[in-house]
>>> print(open('structure08.txt').read())   # compact mmCIF, C-alpha atoms
# COMPACT_ATOMS: atom_id res chain seq x y z
CA VAL A 1 20.89 -16.18 -15.31
CA ALA A 2 17.96 -14.49 -13.54
CA PHE A 3 15.13 -12.45 -15.05
CA ASP A 4 13.13 -9.68 -13.38
CA PRO A 5 9.73 -9.60 -15.08
CA ARG A 6 8.88 -6.21 -13.59
CA SER A 7 11.85 -4.34 -15.08
CA GLY A 8 12.56 -6.64 -18.02
CA PHE A 9 16.22 -6.92 -17.03
CA ALA A 10 18.23 -10.12 -17.05
CA TYR A 11 20.99 -10.59 -14.45
CA PHE A 12 23.96 -12.90 -14.68
CA VAL A 13 27.21 -13.53 -12.91
CA ALA A 14 30.47 -13.24 -14.76
CA LYS A 15 32.48 -15.78 -12.80
CA ASP A 16 35.93 -14.93 -14.14
CA LEU A 17 35.67 -11.20 -13.39
CA PRO A 18 33.73 -11.69 -10.85
CA ARG A 19 30.78 -9.35 -11.31
CA LEU A 20 27.02 -9.22 -11.29
CA LEU A 21 25.83 -7.78 -14.59
CA SER A 22 22.44 -6.65 -15.83
CA VAL A 23 21.26 -6.67 -19.41
CA GLY A 24 18.43 -4.49 -20.60
CA TRP A 25 17.07 -3.57 -23.98
CA VAL A 26 16.44 -0.06 -25.26
CA GLY A 27 14.61 -0.46 -28.52
CA ARG A 28 16.84 -2.81 -30.48
CA LYS A 29 20.00 -1.99 -28.54
CA THR A 30 21.33 -4.02 -25.66
CA ALA A 31 22.59 -2.20 -22.58
CA VAL A 32 24.95 -4.10 -20.26
CA SER A 33 25.64 -2.62 -16.81
CA VAL A 34 27.79 -3.72 -13.89
CA VAL A 35 25.50 -3.97 -10.87
CA MET A 36 28.08 -5.12 -8.34
CA THR A 37 31.74 -6.04 -8.26
CA PRO A 38 32.92 -7.94 -5.15
CA PRO A 39 34.14 -7.23 -2.66
CA SER A 40 31.06 -5.08 -2.11
CA ASN A 41 30.19 -3.67 1.29
CA ASN A 42 33.50 -5.10 2.55
CA GLN A 43 32.53 -8.70 1.81
CA PRO A 44 35.42 -10.99 0.80
CA TYR A 45 33.68 -13.51 -1.51
CA GLU A 46 35.01 -13.77 -5.00
CA ASP A 47 33.62 -16.95 -6.54
CA LEU A 48 30.16 -15.95 -7.79
CA SER A 49 28.52 -19.03 -9.24
CA GLY A 50 24.79 -18.40 -9.46
CA VAL A 51 22.04 -15.78 -9.32
CA ALA A 52 18.26 -16.02 -8.93
CA HIS A 53 15.54 -13.38 -8.88
CA ALA A 54 13.24 -13.37 -5.84
CA PRO A 55 10.09 -11.27 -5.82
CA GLY A 56 9.94 -8.68 -3.05
CA PRO A 57 7.45 -9.04 -0.19
CA ASP A 58 5.35 -6.27 -1.75
CA PRO A 59 4.30 -7.11 -5.34
CA ALA A 60 4.60 -3.42 -6.28
CA ALA A 61 8.18 -3.24 -4.98
CA ASP A 62 11.36 -4.27 -6.71
CA GLY A 63 12.56 -7.81 -6.25
CA ARG A 64 15.84 -9.06 -4.88
CA LEU A 65 18.73 -11.07 -6.23
CA VAL A 66 20.05 -14.14 -4.43
CA LEU A 67 23.71 -14.78 -5.23
CA ALA A 68 25.69 -17.92 -4.53
CA SER A 69 29.42 -18.02 -4.04
CA GLY A 70 30.31 -21.67 -4.57
CA GLY A 71 33.92 -21.81 -3.45
CA ASP A 72 33.20 -19.66 -0.41
CA LYS A 73 29.97 -21.57 0.42
CA MET A 74 28.05 -18.31 0.89
CA LEU A 75 24.63 -16.92 -0.06
CA MET A 76 23.88 -13.20 -0.26
CA VAL A 77 20.76 -11.18 -1.03
CA TYR A 78 21.11 -7.94 -2.98
CA SER A 79 18.75 -5.26 -4.17
CA LEU A 80 18.48 -4.87 -7.93
CA ASN A 81 20.85 -1.91 -7.75
CA GLY A 82 23.61 -3.87 -6.00
CA THR A 83 23.04 -2.99 -2.32
CA LEU A 84 23.68 -5.87 0.07
CA LEU A 85 20.42 -6.62 1.93
CA SER A 86 21.44 -9.72 3.87
CA GLY A 87 24.30 -12.13 4.24
CA PRO A 88 26.69 -13.48 3.51
CA THR A 89 25.18 -16.62 5.01
CA ARG A 90 27.32 -19.73 5.14
CA VAL A 91 25.84 -22.95 3.71
CA GLU A 92 27.16 -26.46 3.98
CA THR A 93 26.61 -27.27 0.31
CA ARG A 94 29.94 -27.61 -1.47
CA LYS A 95 30.65 -26.40 -5.00
CA VAL A 96 27.36 -24.58 -5.57
CA VAL A 97 27.02 -23.83 -9.29
CA GLY A 98 23.48 -22.45 -9.36
CA VAL A 99 20.58 -21.24 -7.26
CA ALA A 100 16.79 -21.06 -7.77
CA VAL A 101 14.07 -19.55 -5.60
CA ILE A 102 11.25 -21.89 -4.57
CA PRO A 103 7.90 -20.12 -4.07
CA PRO A 104 6.42 -20.59 -0.57
CA ARG A 105 3.60 -22.89 -1.73
CA ALA A 106 6.03 -25.22 -3.51
CA SER A 107 8.64 -25.58 -0.79
CA THR A 108 8.37 -28.39 1.72
CA ARG A 109 8.69 -26.04 4.69
CA GLY A 110 6.01 -23.45 3.90
CA ALA A 111 8.50 -20.59 3.51
CA THR A 112 10.52 -19.17 0.66
CA CYS A 113 13.43 -21.54 0.21
CA LEU A 114 16.17 -22.09 -2.33
CA PHE A 115 17.32 -24.96 -4.46
CA LEU A 116 21.11 -25.10 -4.51
CA PHE A 117 22.56 -26.87 -7.51
CA ALA A 118 25.94 -28.40 -6.79
CA ARG A 119 28.53 -30.31 -8.75
CA ARG A 120 28.09 -34.02 -9.22
CA ASN A 121 24.39 -33.52 -10.00
CA ARG A 122 23.34 -32.68 -6.46
CA LEU A 123 20.24 -30.64 -5.67
CA GLU A 124 19.67 -29.47 -2.10
CA GLU A 125 16.89 -27.43 -0.51
CA HIS A 126 18.05 -24.55 1.69
CA CYS A 127 15.56 -22.66 3.87
CA PRO A 128 17.20 -19.66 5.53
>>> encode(input="structure08.txt", output="structure tokens")
Amino acid sequence: VAFDPRSGFAYFVAKDLPRLLSVGWVGRKTAVSVVMTPPSNNQPYEDLSGVAHAPGPDPAADGRLVLASGGDKMLMVYSLNGTLLSGPTRVETRKVVGVAVIPPRASTRGATCLFLFARRNRLEEHCP
């Protein structure tokens, strides 16, 4: 699950469908929307396993969503409306089940990196 503090939307992957969904609130009602259904932009991945929100380079701009496809060993970056911005990028980490964005000051390489959570309690840093 990923949360965009600017819009107030939560994003999550529905692995069995597979889809990227957003959840917003209008008053007391919940609104669920399909943001993206693979294959999108002719990309063949189908095992979505994690999503993380990454702030955009401009604080006033919308952020991005980093998606992991565990079985396909791919990472993709999407806009909040489901447009592919970059990727898919192949990673060596097997069985990725989650992803988290590491802010530049907290990563060991001085750039925005990702933590990839994998089965068997593995945590790996990935700096694209």
>>> closest_residue(input="structure08.txt", among="A:Leu20, A:Val1, A:Val96, A:Ile102", to="A:Arg120", atoms="only C-alpha atoms")
A:Val96
>>> residues_around(input="structure08.txt", residues="A:Ser22", least_positions_apart="3", cutoff="6 Å", atoms="all atoms listed in the file", output="list of chain:residue names")
A:Ala10, A:Tyr11, A:Val32, A:Ser33
>>> atom_distance(input="structure08.txt", atom1="atom CA of A:Gly50", atom2="atom CA of A:Val23")
15.8 Å
>>> closest_residue(input="structure08.txt", among="A:Leu114, A:Leu123, A:Val51, A:Leu84", to="A:Phe3", atoms="all atoms listed in the file")
A:Val51
>>> closest_residue(input="structure08.txt", among="A:Leu80, A:Leu21, A:Met74, A:Met36", to="A:Leu116", atoms="only C-alpha atoms")
A:Met74
>>> residues_around(input="structure08.txt", residues="A:Gly63", least_positions_apart="6", cutoff="6 Å", atoms="only C-alpha atoms", output="PyMOL selection string")
chain A and resi 54-56
>>> closest_residue(input="structure08.txt", among="A:Phe9, A:Ala2, A:Val97, A:Ser86", to="A:Leu48", atoms="only C-alpha atoms")
A:Val97
>>> closest_residue(input="structure08.txt", among="A:Asp62, A:Ser49, A:Glu124, A:Val101", to="A:Gly8", atoms="all atoms listed in the file")
A:Asp62
>>> closest_residue(input="structure08.txt", among="A:Lys73, A:Lys29, A:Arg64, A:Lys95", to="A:Arg6", atoms="all atoms listed in the file")
A:Arg64
>>> atom_distance(input="structure08.txt", atom1="atom CA of A:Ala61", atom2="atom CA of A:Tyr78")
13.9 Å
>>> atom_distance(input="structure08.txt", atom1="atom CA of A:Met76", atom2="atom CA of A:Thr89")
6.4 Å
>>> axis_aligned_box(input="structure08.txt", around="stretch 66-80 of chain A", padding_each_side="8 Å", output="AutoDock Vina command-line options")
--center_x 26.2 --center_y -13.3 --center_z -3.5 --size_x 31.4 --size_y 32.9 --size_z 24.8
>>> residues_around(input="structure08.txt", residues="A:Val77", least_positions_apart="4", cutoff="6 Å", atoms="only C-alpha atoms", output="list in words")
Leu65, Val66, Leu85 and Ser86 of chain A
>>> build_atoms(input="structure08.txt", residues="stretch 50-86 of chain A", atoms="N, CA and C atoms", output="compact mmCIF listing (two decimals), in the frame of the given file")
# COMPACT_ATOMS: atom_id res chain seq x y z
N GLY A 50 26.19 -18.31 -9.09
CA GLY A 50 24.79 -18.40 -9.46
C GLY A 50 24.01 -17.19 -8.99
N VAL A 51 22.91 -16.90 -9.68
CA VAL A 51 22.04 -15.78 -9.32
C VAL A 51 20.60 -16.19 -9.60
N ALA A 52 19.69 -15.77 -8.73
CA ALA A 52 18.26 -16.02 -8.93
C ALA A 52 17.50 -14.76 -8.54
N HIS A 53 16.40 -14.51 -9.22
CA HIS A 53 15.54 -13.38 -8.88
C HIS A 53 14.49 -13.85 -7.89
N ALA A 54 14.28 -13.07 -6.83
CA ALA A 54 13.24 -13.37 -5.84
C ALA A 54 12.30 -12.18 -5.77
N PRO A 55 11.01 -12.40 -5.93
CA PRO A 55 10.09 -11.27 -5.82
C PRO A 55 10.17 -10.65 -4.43
N GLY A 56 9.95 -9.34 -4.35
CA GLY A 56 9.94 -8.68 -3.05
C GLY A 56 8.67 -9.03 -2.28
N PRO A 57 8.63 -8.73 -0.98
CA PRO A 57 7.45 -9.04 -0.19
C PRO A 57 6.22 -8.27 -0.64
N ASP A 58 6.43 -7.08 -1.21
CA ASP A 58 5.35 -6.27 -1.75
C ASP A 58 5.38 -6.41 -3.27
N PRO A 59 4.29 -6.91 -3.88
CA PRO A 59 4.30 -7.11 -5.34
C PRO A 59 4.60 -5.85 -6.14
N ALA A 60 4.33 -4.67 -5.57
CA ALA A 60 4.60 -3.42 -6.28
C ALA A 60 6.05 -2.98 -6.13
N ALA A 61 6.79 -3.62 -5.24
CA ALA A 61 8.18 -3.24 -4.98
C ALA A 61 9.12 -4.04 -5.87
N ASP A 62 10.34 -3.54 -5.96
CA ASP A 62 11.36 -4.27 -6.71
C ASP A 62 11.69 -5.58 -6.02
N GLY A 63 12.14 -6.53 -6.80
CA GLY A 63 12.56 -7.81 -6.25
C GLY A 63 13.96 -7.75 -5.69
N ARG A 64 14.49 -8.93 -5.42
CA ARG A 64 15.84 -9.06 -4.88
C ARG A 64 16.59 -10.09 -5.70
N LEU A 65 17.89 -10.09 -5.56
CA LEU A 65 18.73 -11.07 -6.23
C LEU A 65 19.44 -11.91 -5.18
N VAL A 66 19.34 -13.21 -5.32
CA VAL A 66 20.05 -14.14 -4.43
C VAL A 66 21.28 -14.60 -5.19
N LEU A 67 22.46 -14.38 -4.60
CA LEU A 67 23.71 -14.78 -5.23
C LEU A 67 24.36 -15.90 -4.44
N ALA A 68 24.93 -16.84 -5.15
CA ALA A 68 25.69 -17.92 -4.53
C ALA A 68 27.15 -17.75 -4.86
N SER A 69 27.98 -18.01 -3.87
CA SER A 69 29.42 -18.02 -4.04
C SER A 69 29.88 -19.42 -3.71
N GLY A 70 30.06 -20.24 -4.74
CA GLY A 70 30.31 -21.67 -4.57
C GLY A 70 31.54 -22.03 -3.79
N GLY A 71 32.67 -21.46 -4.13
CA GLY A 71 33.92 -21.81 -3.45
C GLY A 71 33.94 -21.33 -2.01
N ASP A 72 33.24 -20.22 -1.75
CA ASP A 72 33.20 -19.66 -0.41
C ASP A 72 32.06 -20.22 0.41
N LYS A 73 31.15 -20.98 -0.23
CA LYS A 73 29.97 -21.57 0.42
C LYS A 73 29.12 -20.51 1.10
N MET A 74 28.81 -19.43 0.35
CA MET A 74 28.05 -18.31 0.89
C MET A 74 26.84 -17.99 0.00
N LEU A 75 25.79 -17.47 0.63
CA LEU A 75 24.63 -16.92 -0.06
C LEU A 75 24.47 -15.48 0.38
N MET A 76 24.10 -14.61 -0.56
CA MET A 76 23.88 -13.20 -0.26
C MET A 76 22.61 -12.76 -0.97
N VAL A 77 21.95 -11.77 -0.41
CA VAL A 77 20.76 -11.18 -1.03
C VAL A 77 21.06 -9.72 -1.30
N TYR A 78 20.85 -9.31 -2.55
CA TYR A 78 21.11 -7.94 -2.98
C TYR A 78 19.85 -7.31 -3.54
N SER A 79 19.79 -5.99 -3.45
CA SER A 79 18.75 -5.26 -4.17
C SER A 79 19.13 -5.28 -5.65
N LEU A 80 18.20 -4.87 -6.49
CA LEU A 80 18.48 -4.87 -7.93
C LEU A 80 19.53 -3.84 -8.32
N ASN A 81 19.82 -2.89 -7.43
CA ASN A 81 20.85 -1.91 -7.75
C ASN A 81 22.20 -2.24 -7.13
N GLY A 82 22.32 -3.42 -6.50
CA GLY A 82 23.61 -3.87 -6.00
C GLY A 82 23.89 -3.60 -4.54
N THR A 83 22.87 -3.22 -3.76
CA THR A 83 23.04 -2.99 -2.32
C THR A 83 22.84 -4.31 -1.57
N LEU A 84 23.78 -4.64 -0.72
CA LEU A 84 23.68 -5.87 0.07
C LEU A 84 22.54 -5.72 1.07
N LEU A 85 21.56 -6.64 1.02
CA LEU A 85 20.42 -6.62 1.93
C LEU A 85 20.58 -7.59 3.08
N SER A 86 21.17 -8.76 2.81
CA SER A 86 21.44 -9.72 3.87
C SER A 86 22.55 -10.67 3.46
